[in-house]
Structures are given as structure tokens and as C-alpha cells.
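Printed here is entry-v1.txt (compact mmCIF, C-alpha atoms and all ligand atoms):
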# COMPACT_ATOMS: atom_id res chain seq x y z
CA MET Q 1 13.23 13.23 -28.95
CA SER Q 2 14.71 11.96 -25.73
CA LEU Q 3 13.24 8.78 -24.27
CA ARG Q 4 10.71 9.59 -21.56
CA VAL Q 5 11.40 7.51 -18.46
CA THR Q 6 9.34 7.30 -15.26
CA VAL Q 7 11.02 5.72 -12.22
CA TRP Q 8 8.37 4.37 -9.82
CA ASN Q 9 9.26 3.56 -6.23
CA GLU Q 10 7.17 2.37 -3.33
CA TYR Q 11 9.29 4.73 -1.15
CA ARG Q 12 8.42 3.31 2.26
CA HIS Q 13 11.64 1.69 3.55
CA GLU Q 14 13.59 4.92 3.07
CA ARG Q 15 11.06 6.91 5.12
CA GLU Q 16 10.57 4.32 7.85
CA ASN Q 17 14.04 2.90 8.45
CA ASP Q 18 17.06 5.04 9.40
CA TYR Q 19 19.58 2.56 7.99
CA VAL Q 20 17.90 2.53 4.58
CA ALA Q 21 17.55 6.33 4.69
CA ARG Q 22 21.32 6.61 5.05
CA VAL Q 23 21.88 4.38 2.00
CA TYR Q 24 19.25 6.22 -0.09
CA PRO Q 25 18.76 9.68 1.47
CA GLN Q 26 16.57 10.86 -1.41
CA GLY Q 27 14.93 7.51 -2.04
CA ILE Q 28 15.78 4.63 -4.36
CA HIS Q 29 13.89 6.35 -7.20
CA GLN Q 30 16.17 9.40 -7.08
CA ALA Q 31 19.31 7.23 -7.06
CA ILE Q 32 18.07 5.37 -10.15
CA ALA Q 33 17.02 8.61 -11.87
CA GLN Q 34 20.45 10.12 -11.20
CA GLY Q 35 22.14 7.10 -12.77
CA LEU Q 36 19.98 7.36 -15.88
CA ARG Q 37 20.71 11.08 -16.27
CA ALA Q 38 24.44 10.35 -15.93
CA HIS Q 39 23.98 7.94 -18.85
CA GLY Q 40 22.50 10.62 -21.11
CA LEU Q 41 18.79 10.03 -20.53
CA ARG Q 42 17.46 13.51 -20.00
CA ALA Q 43 13.68 13.09 -19.72
CA VAL Q 44 13.56 11.20 -16.43
CA ARG Q 45 10.86 11.76 -13.80
CA THR Q 46 9.86 9.89 -10.67
CA ALA Q 47 6.61 8.72 -9.09
CA THR Q 48 5.85 7.14 -5.72
CA LEU Q 49 3.13 5.06 -4.09
CA ASP Q 50 1.80 7.56 -1.54
CA THR Q 51 0.72 10.20 -4.04
CA PRO Q 52 -2.59 10.52 -5.94
CA GLU Q 53 -2.99 7.56 -8.34
CA HIS Q 54 0.51 6.49 -7.13
CA GLY Q 55 1.86 9.15 -9.50
CA LEU Q 56 0.77 7.01 -12.46
CA SER Q 57 -2.19 8.84 -13.98
CA GLN Q 58 -3.21 8.03 -17.53
CA GLU Q 59 -1.55 11.26 -18.59
CA VAL Q 60 1.77 10.30 -16.97
CA LEU Q 61 1.67 6.79 -18.47
CA ASP Q 62 0.75 8.10 -21.91
CA GLY Q 63 3.84 10.32 -21.67
CA THR Q 64 6.11 7.45 -20.58
CA ASP Q 65 8.18 5.37 -23.00
CA VAL Q 66 9.76 3.19 -20.31
CA LEU Q 67 8.54 2.65 -16.74
CA ILE Q 68 10.92 1.38 -14.03
CA TRP Q 69 9.35 -0.40 -11.04
CA TRP Q 70 10.75 -0.85 -7.52
CA GLY Q 71 8.44 -2.19 -4.79
CA HIS Q 72 8.73 -4.55 -1.85
CA LYS Q 73 6.53 -4.34 1.23
CA ALA Q 74 3.41 -2.66 -0.16
CA HIS Q 75 2.65 -4.57 -3.36
CA THR Q 76 -0.93 -5.16 -2.21
CA GLU Q 77 -1.50 -1.41 -1.71
CA VAL Q 78 -1.04 -0.70 -5.41
CA GLY Q 79 -4.54 -0.07 -6.72
CA ASP Q 80 -5.93 -2.47 -9.31
CA PRO Q 81 -7.05 0.34 -11.69
CA VAL Q 82 -3.43 1.57 -11.80
CA VAL Q 83 -2.16 -1.97 -12.44
CA GLU Q 84 -4.71 -2.35 -15.25
CA ARG Q 85 -3.59 0.96 -16.75
CA VAL Q 86 0.09 -0.02 -16.67
CA HIS Q 87 -0.76 -3.43 -18.17
CA GLN Q 88 -2.62 -1.84 -21.09
CA ARG Q 89 0.26 0.56 -21.72
CA VAL Q 90 2.74 -2.35 -21.81
CA LEU Q 91 0.56 -4.21 -24.32
CA ALA Q 92 0.46 -1.01 -26.38
CA GLY Q 93 4.26 -0.76 -26.40
CA MET Q 94 5.52 0.95 -23.23
CA GLY Q 95 8.70 -0.67 -21.90
CA LEU Q 96 8.74 -1.97 -18.30
CA ILE Q 97 11.81 -2.64 -16.18
CA VAL Q 98 11.08 -4.52 -12.98
CA LEU Q 99 13.81 -4.39 -10.34
CA HIS Q 100 14.69 -6.77 -7.50
CA SER Q 101 11.70 -7.33 -5.13
CA GLY Q 102 9.39 -6.05 -7.86
CA HIS Q 103 9.26 -9.75 -8.84
CA HIS Q 104 6.23 -10.00 -6.52
CA SER Q 105 4.49 -6.85 -7.73
CA LYS Q 106 0.95 -7.15 -9.06
CA ILE Q 107 1.97 -5.91 -12.49
CA PHE Q 108 4.87 -8.37 -12.93
CA ARG Q 109 2.84 -11.35 -11.71
CA ARG Q 110 0.00 -10.41 -14.01
CA LEU Q 111 2.31 -10.09 -17.01
CA MET Q 112 4.03 -13.40 -16.23
CA GLY Q 113 0.97 -15.43 -15.23
CA THR Q 114 2.94 -17.35 -12.57
CA THR Q 115 3.66 -16.85 -8.85
CA CYS Q 116 7.10 -15.29 -9.53
CA SER Q 117 8.24 -16.71 -6.17
CA LEU Q 118 11.88 -17.50 -5.45
CA ARG Q 119 14.33 -18.55 -2.74
CA TRP Q 120 15.99 -15.72 -0.78
CA ARG Q 121 18.42 -15.14 2.07
CA GLU Q 122 19.82 -11.99 3.67
CA ALA Q 123 23.41 -12.87 4.54
CA ASP Q 124 25.67 -10.23 2.91
CA GLU Q 125 26.80 -12.65 0.18
CA LYS Q 126 29.01 -11.87 -2.76
CA GLU Q 127 27.08 -11.98 -6.05
CA ARG Q 128 28.81 -12.65 -9.36
CA ILE Q 129 26.62 -11.67 -12.32
CA TRP Q 130 27.61 -13.49 -15.51
CA VAL Q 131 26.72 -12.16 -18.95
CA VAL Q 132 25.27 -15.18 -20.76
CA MET Q 133 24.11 -13.31 -23.91
CA PRO Q 134 27.09 -11.06 -24.74
CA GLY Q 135 25.58 -9.78 -27.99
CA HIS Q 136 22.47 -8.45 -26.28
CA PRO Q 137 22.04 -4.64 -26.14
CA ILE Q 138 21.51 -4.80 -22.36
CA ALA Q 139 25.04 -6.24 -21.93
CA GLN Q 140 26.67 -3.39 -23.83
CA GLY Q 141 29.78 -2.00 -22.13
CA LEU Q 142 30.08 -4.80 -19.56
CA GLY Q 143 32.84 -7.37 -19.09
CA PRO Q 144 32.21 -11.13 -18.97
CA TYR Q 145 30.85 -10.67 -15.44
CA PHE Q 146 30.64 -8.13 -12.64
CA GLU Q 147 30.55 -8.61 -8.88
CA ILE Q 148 28.57 -7.05 -6.07
CA PRO Q 149 30.52 -7.58 -2.82
CA GLU Q 150 27.49 -7.83 -0.53
CA ALA Q 151 23.95 -8.63 -1.66
CA GLU Q 152 20.75 -10.32 -0.67
CA MET Q 153 20.58 -13.77 -2.27
CA TYR Q 154 17.84 -14.68 -4.72
CA GLY Q 155 17.93 -18.32 -5.84
CA GLU Q 156 16.26 -20.76 -8.18
CA HIS Q 157 13.75 -21.95 -8.62
CA PHE Q 158 12.37 -18.59 -9.82
CA ASP Q 159 8.78 -19.30 -10.87
CA ILE Q 160 8.58 -17.34 -14.12
CA PRO Q 161 7.84 -18.47 -17.68
CA GLN Q 162 10.96 -19.27 -19.70
CA PRO Q 163 12.38 -15.83 -20.56
CA ASP Q 164 12.37 -14.89 -24.24
CA GLU Q 165 15.99 -13.80 -23.76
CA LEU Q 166 18.24 -14.52 -20.78
CA VAL Q 167 21.02 -11.93 -20.42
CA PHE Q 168 22.41 -12.52 -16.90
CA VAL Q 169 22.82 -15.43 -14.51
CA SER Q 170 23.93 -14.78 -10.92
CA TRP Q 171 26.08 -16.95 -8.69
CA PHE Q 172 26.09 -16.41 -4.92
CA GLU Q 173 28.69 -17.17 -2.31
CA GLY Q 174 26.32 -19.59 -0.55
CA GLY Q 175 26.02 -21.77 -3.67
CA ASN Q 176 22.73 -20.63 -5.23
CA VAL Q 177 22.24 -19.50 -8.83
CA PHE Q 178 19.55 -17.25 -10.30
CA ARG Q 179 18.32 -15.98 -13.67
CA SER Q 180 18.98 -12.33 -12.85
CA GLY Q 181 18.42 -10.59 -16.20
CA CYS Q 182 15.35 -11.77 -18.12
CA CYS Q 183 13.64 -10.30 -21.19
CA PHE Q 184 9.99 -10.87 -22.06
CA TYR Q 185 7.76 -9.64 -24.89
CA ARG Q 186 4.06 -9.03 -24.17
CA GLY Q 187 1.85 -7.48 -26.87
CA HIS Q 188 3.89 -4.61 -28.30
CA GLY Q 189 5.78 -4.12 -25.05
CA LYS Q 190 9.18 -5.27 -23.81
CA ILE Q 191 9.81 -6.21 -20.20
CA PHE Q 192 13.16 -6.63 -18.46
CA TYR Q 193 13.52 -8.12 -14.99
CA PHE Q 194 16.81 -7.22 -13.25
CA ARG Q 195 17.59 -8.75 -9.87
CA PRO Q 196 20.08 -6.52 -7.98
CA GLY Q 197 18.87 -3.83 -5.61
CA HIS Q 198 17.93 -4.65 -2.01
CA GLU Q 199 17.14 -1.47 -0.01
CA THR Q 200 19.93 -1.90 2.57
CA TYR Q 201 22.74 -2.10 -0.02
CA PRO Q 202 24.09 0.86 -2.07
CA ILE Q 203 23.61 -1.14 -5.27
CA TYR Q 204 21.87 1.60 -7.29
CA HIS Q 205 24.89 3.87 -6.75
CA ARG Q 206 27.11 1.35 -8.59
CA GLU Q 207 28.32 2.20 -12.08
CA ASP Q 208 27.85 -1.33 -13.51
CA VAL Q 209 24.26 -1.53 -12.26
CA ARG Q 210 23.50 1.95 -13.61
CA GLN Q 211 24.95 0.93 -16.96
CA VAL Q 212 22.65 -2.11 -17.10
CA ILE Q 213 19.54 -0.09 -16.22
CA ALA Q 214 20.36 2.59 -18.81
CA ASN Q 215 20.98 -0.12 -21.44
CA ALA Q 216 17.68 -1.76 -20.49
CA VAL Q 217 15.78 1.53 -20.91
CA ARG Q 218 17.14 1.90 -24.43
CA TRP Q 219 16.34 -1.75 -25.26
CA ALA Q 220 12.79 -1.53 -23.84
CA ALA Q 221 11.88 1.68 -25.68
CA PRO Q 222 8.77 1.36 -27.84
CA THR Q 223 9.43 0.25 -31.41
CA PRO Q 224 7.37 2.01 -34.04
CA GLY Q 225 5.29 -0.62 -35.78
CA PRO Q 226 1.81 -1.36 -37.05
CA ALA Q 227 -1.03 -0.79 -34.59
CA PHE Q 228 -3.54 -3.60 -34.16
CA PRO Q 229 -7.20 -3.20 -33.26
CA TYR Q 230 -6.94 -6.02 -30.68
CA LEU Q 231 -5.23 -3.55 -28.38
CA GLN Q 232 -8.63 -1.95 -27.94
CA GLY Q 233 -10.06 -5.37 -27.10
CA ALA Q 234 -11.83 -5.91 -30.41
CA ILE Q 235 -11.77 -9.18 -32.36
CA HIS Q 236 -11.11 -8.00 -35.87
CA GLU Q 237 -12.49 -9.80 -38.92
CA THR Q 238 -10.43 -8.91 -41.94
CA ASP Q 239 -10.97 -8.91 -45.70
CA PRO Q 240 -8.60 -11.02 -47.86
CA LEU Q 241 -5.81 -9.17 -49.65
CA GLU Q 242 -6.32 -11.31 -52.78
CA PRO Q 243 -9.73 -12.30 -54.14
CA LEU Q 244 -10.80 -15.70 -52.78
CA PRO Q 245 -12.89 -18.13 -54.83
CA GLU Q 246 -15.99 -19.54 -53.20
CA LYS Q 247 -14.89 -23.15 -52.69
CA HIS Q 248 -18.02 -24.54 -51.02
CA PRO Q 249 -21.08 -22.52 -52.01
CA GLY Q 250 -23.25 -21.72 -49.01
CA ARG Q 251 -20.64 -22.70 -46.39
CA THR Q 252 -18.84 -19.41 -45.90
CA ARG Q 253 -19.74 -15.78 -46.09
CA VAL Q 254 -16.89 -14.98 -48.54
CA GLY Q 255 -17.88 -14.14 -52.14
ZN ZN C 301 15.36 -7.39 -1.11

Show me this structure written as C-alpha cells.
Ligand code: ZN
Amino acid sequence: MSLRVTVWNEYRHERENDYVARVYPQGIHQAIAQGLRAHGLRAVRTATLDTPEHGLSQEVLDGTDVLIWWGHKAHTEVGDPVVERVHQRVLAGMGLIVLHSGHHSKIFRRLMGTTCSLRWREADEKERIWVVMPGHPIAQGLGPYFEIPEAEMYGEHFDIPQPDELVFVSWFEGGNVFRSGCCFYRGHGKIFYFRPGHETYPIYHREDVRQVIANAVRWAAPTPGPAFPYLQGAIHETDPLEPLPEKHPGRTRVG
């Protein structure tokens, strides 16, 4: 069965700003979805903030293997029950790809446990994205680096926990560096943060960026494995697999 992907977008800049609307006439979500379809992912749907339950009902999330998240100016308008629902799905194994300004989304900050703040500058700088883990599935098909001619700068320090795997590091024309491709594992779920993608640049139309996002979807797909009762919030006492002798009579309940 084809991987089921949901691309979530705040979808405000494109409707409120003519310049952004020219870069993404159908919205950032549609540009990303198009790129995924071009890379052979057939079951791709989209969801946006200003729809009932932000388009992320329990039914939609239960039918999503990997969720992609783009947000910027309306992070606080995302309802806490929806954030809770996404969080539980990630712990249960749904993949999550957080793009660009999604670093400050409620869901990413909750999953990281830190502020996720960073340095930034809008100055049309060249960005060179180095592959620092060439054997990683998310780097498949790329060269040693790729370049985006004009981008918003994100710089260190990026206040995240140490990534479990670091795939990309960006260099910017103005001298800053940034951990721009970071993998995290939370519960059964895999999370990938990918930096490129400011709304005024045609970055999601680029082939290299589309390749990375498609690779990340395949990497973040749920892995079949044993289910654990802690996912339902229960603390689970378990019987021993081998018989245990009673070492201190009266001290434990075993035996
Ligand atoms: Zn931005």
C-alpha cells in the first residue's frame, strides 16, 4: 500500500500577501504535495488551518502515515486538542516532518521540550546545504551539497536537543551556520526537521528540496513493531519470562 501523506499548511501568507500568492498560487501545501506526487508518492492529501479541526480530525490522523507541517504566523491559533492528537499519533508511530518556520510550532516545541528559537535574517543570502551524513536515507540521490541562491538565514544557536541524527548543515553568505536537517525519535515515531522554505522564495518548487522531502517521508514512515501498553498511558507490570526464586521471603510479591 502506498504511504499515506498529509501536508498541513497554515495557508495565511498566500491568501493575504500578493507577492507570496505569486510564488505559491495554490498555496505552499499544494506545491509540496505536487513534489511528493512527482516522486512517486500517490496517496497525498492536504489540510489547512482555517478548516474544521484544522483538517486534522482523528480520522484523518489515523489514516496518515506521515504528516508534513508548515506554519509561521499563526502557531498560537492551532488548537491544543489538535496538538495533543498529533502528539499521540507521533508517539504511536506516525512520522512528522517539520519545515522551516514550523520550528516554533506548538507540536515541534512540545516534542523537543525546548524553546526551538534561533537567529534569523531576511537578506536574500545564498545558502549552501552540506550533507554531513551521506549514508542516511534522507540524503539519497543528492551530491555532497546543494545551493539555494536566495534564502532567509537561520543561524545557530538553534535551541533544540541534540538531534539523534544530523543529516544537513547549512552555511550562509553572511557567515552563519545552522543544523538544517535533524532527525529525532519520540516513542514509536520519527521526526525530521528541514530548514529551507520561507514563503517569499520558490524553494518548494526546487527539485533538490522536493527530493529531500520525499526521502524524508519514506524515512519517517511507521515501522511495524511491537505495540506497548504505555502508549495508552498505562504503567504496565509484567510477569517474568523465566520462573524467579523468592530471594527474600515476605519482601516482594513474586512467588
Ligand atoms: Zn521564514

CA of Gly71 in chain Q to CA of Leu36 in chain Q, straight-line distance in Å: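 It comes out at 18.6 Å.
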
Nearby polymer residues, ligand ZN 301 (chain C), at most 10 Å, all atoms listed in the file, as a list in words: Gly71, His72, Lys73, Leu99, His100, Ser101, Gly102, Trp120, Arg121, Glu122, Ala151, Glu152, Met153, Tyr154, Arg195, Pro196, Gly197, His198, Glu199, Thr200 and Tyr201 of chain Q

Could you give me, as a PDB file with C-alpha atoms, keeping the file's coordinate frame, the residues within 10 Å of Lys126 in chain Q, counting all atoms listed in the file and dropping anything in the same chain fewer than 4 positions from it?
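File written: selection.pdb
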ATOM      1  CA  GLU Q 147      30.550  -8.610  -8.880  1.00  0.00           C
ATOM      2  CA  ILE Q 148      28.570  -7.050  -6.070  1.00  0.00           C
ATOM      3  CA  PRO Q 149      30.520  -7.580  -2.820  1.00  0.00           C
ATOM      4  CA  GLU Q 150      27.490  -7.830  -0.530  1.00  0.00           C
ATOM      5  CA  ALA Q 151      23.950  -8.630  -1.660  1.00  0.00           C
ATOM      6  CA  GLU Q 152      20.750 -10.320  -0.670  1.00  0.00           C
ATOM      7  CA  MET Q 153      20.580 -13.770  -2.270  1.00  0.00           C
ATOM      8  CA  TRP Q 171      26.080 -16.950  -8.690  1.00  0.00           C
ATOM      9  CA  PHE Q 172      26.090 -16.410  -4.920  1.00  0.00           C
ATOM     10  CA  GLU Q 173      28.690 -17.170  -2.310  1.00  0.00           C
ATOM     11  CA  GLY Q 174      26.320 -19.590  -0.550  1.00  0.00           C
TER      12      GLY Q 174
END

For range 129-204 of chain Q against range 75-90 of chain Q, with a cut-off of 12 Å and counting only C-alpha atoms, what is the closest atom pair and its distance in Å to one decimal for every residue that makes the cut, ordered by chain and number, as a tab-separated table?
residue	atom	partner	partner_atom	distance
Q:Phe184	CA	Q:Val90	CA	11.2
Q:Tyr185	CA	Q:Val90	CA	9.4
Q:Arg186	CA	Q:Val90	CA	7.2
Q:Gly187	CA	Q:Val90	CA	7.3
Q:His188	CA	Q:Val90	CA	7.0
Q:Gly189	CA	Q:Val90	CA	4.8
Q:Lys190	CA	Q:Val90	CA	7.3
Q:Ile191	CA	Q:Val90	CA	8.2
Q:Phe192	CA	Q:Val90	CA	11.8

Can you measure CA of Asp18 in chain Q to CA of Gly155 in chain Q for me? One decimal in Å is fine.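 These atoms are spaced 27.9 Å apart.
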
Determine the nearest neighbour of Arg210 in chain Q from the options Q:Pro226, Q:Pro243, Q:Gly95, Q:Gly40, counting only C-alpha atoms.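 Of Q:Pro226, Q:Pro243, Q:Gly95, Q:Gly40, the one nearest Arg210 in chain Q is Q:Gly40, counting only C-alpha atoms.
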
One decimal, in Å: what's the spacing between CA of Gly181 in chain Q and CA of Thr114 in chain Q? 17.3 Å

Can you sort out the box for range 140-152 of chain Q, edges along x, y and z, all listed atoms in, 3 Å on every side, with centre and edge lengths in Å to one decimal, as JSON?
{"center_x": 26.8, "center_y": -6.6, "center_z": -12.2, "size_x": 18.1, "size_y": 15.1, "size_z": 29.3}

Among listed residues Q:His54, Q:Glu165, Q:Pro202, Q:Cys182, nearest Gly27 in chain Q (using all atoms listed in the file):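 With all atoms listed in the file as the atom set, the closest residue is Q:Pro202.
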
Non-local contacts of range 221-223 of chain Q (6 Å; only C-alpha atoms; under 5 positions in same chain excluded) as a list in words: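 With the cut-off at 6 Å, the set is Asp65, Val66, Gly93, Met94 and Gly95 of chain Q.
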
Let me see the file: selected residues, C-alpha atoms, as a compact mmCIF listing (two decimals), in the frame of the given file.
# COMPACT_ATOMS: atom_id res chain seq x y z
CA ASP Q 65 8.18 5.37 -23.00
CA VAL Q 66 9.76 3.19 -20.31
CA GLY Q 93 4.26 -0.76 -26.40
CA MET Q 94 5.52 0.95 -23.23
CA GLY Q 95 8.70 -0.67 -21.90

Nearest to Val7 in chain Q among Q:Arg128, Q:Arg45, Q:Arg109, Q:Arg22, with distances taken over all atoms listed in the file: which residue is it?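 Once distances to Val7 in chain Q are computed over all atoms listed in the file, the minimum belongs to Q:Arg45.
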
Between Q:Asp164, Q:Ala92, Q:Val98, Q:Pro240, which residue has the minimum interatomic distance to Ala227 in chain Q, considering all atoms listed in the file? Q:Ala92

Find, counting only C-alpha atoms, the residue in Q:Trp69, Q:Phe228, Q:Phe158, Q:Tyr204 that gets nearest to Ile107 in chain Q.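 Looking only at the distances to Ile107 in chain Q, the closest residue turns out to be Q:Trp69.
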
Measuring between only C-alpha atoms, which one of Q:Ala139, Q:Cys116, Q:Val131, Q:Ile203 shows the shortest distance to Gln162 in chain Q?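 Going through Q:Ala139, Q:Cys116, Q:Val131, Q:Ile203 one by one, the smallest distance to Gln162 in chain Q is for Q:Cys116.
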
Residues near Leu49 in chain Q, anyone? I mean within 8 Å using only C-alpha atoms, not counting same-chain ones fewer than 4 positions away, as a list in words.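 What passes the distance filter is Trp8, Asn9, Glu10, Tyr11, Glu53, His54, Gly55 and Val78 of chain Q.
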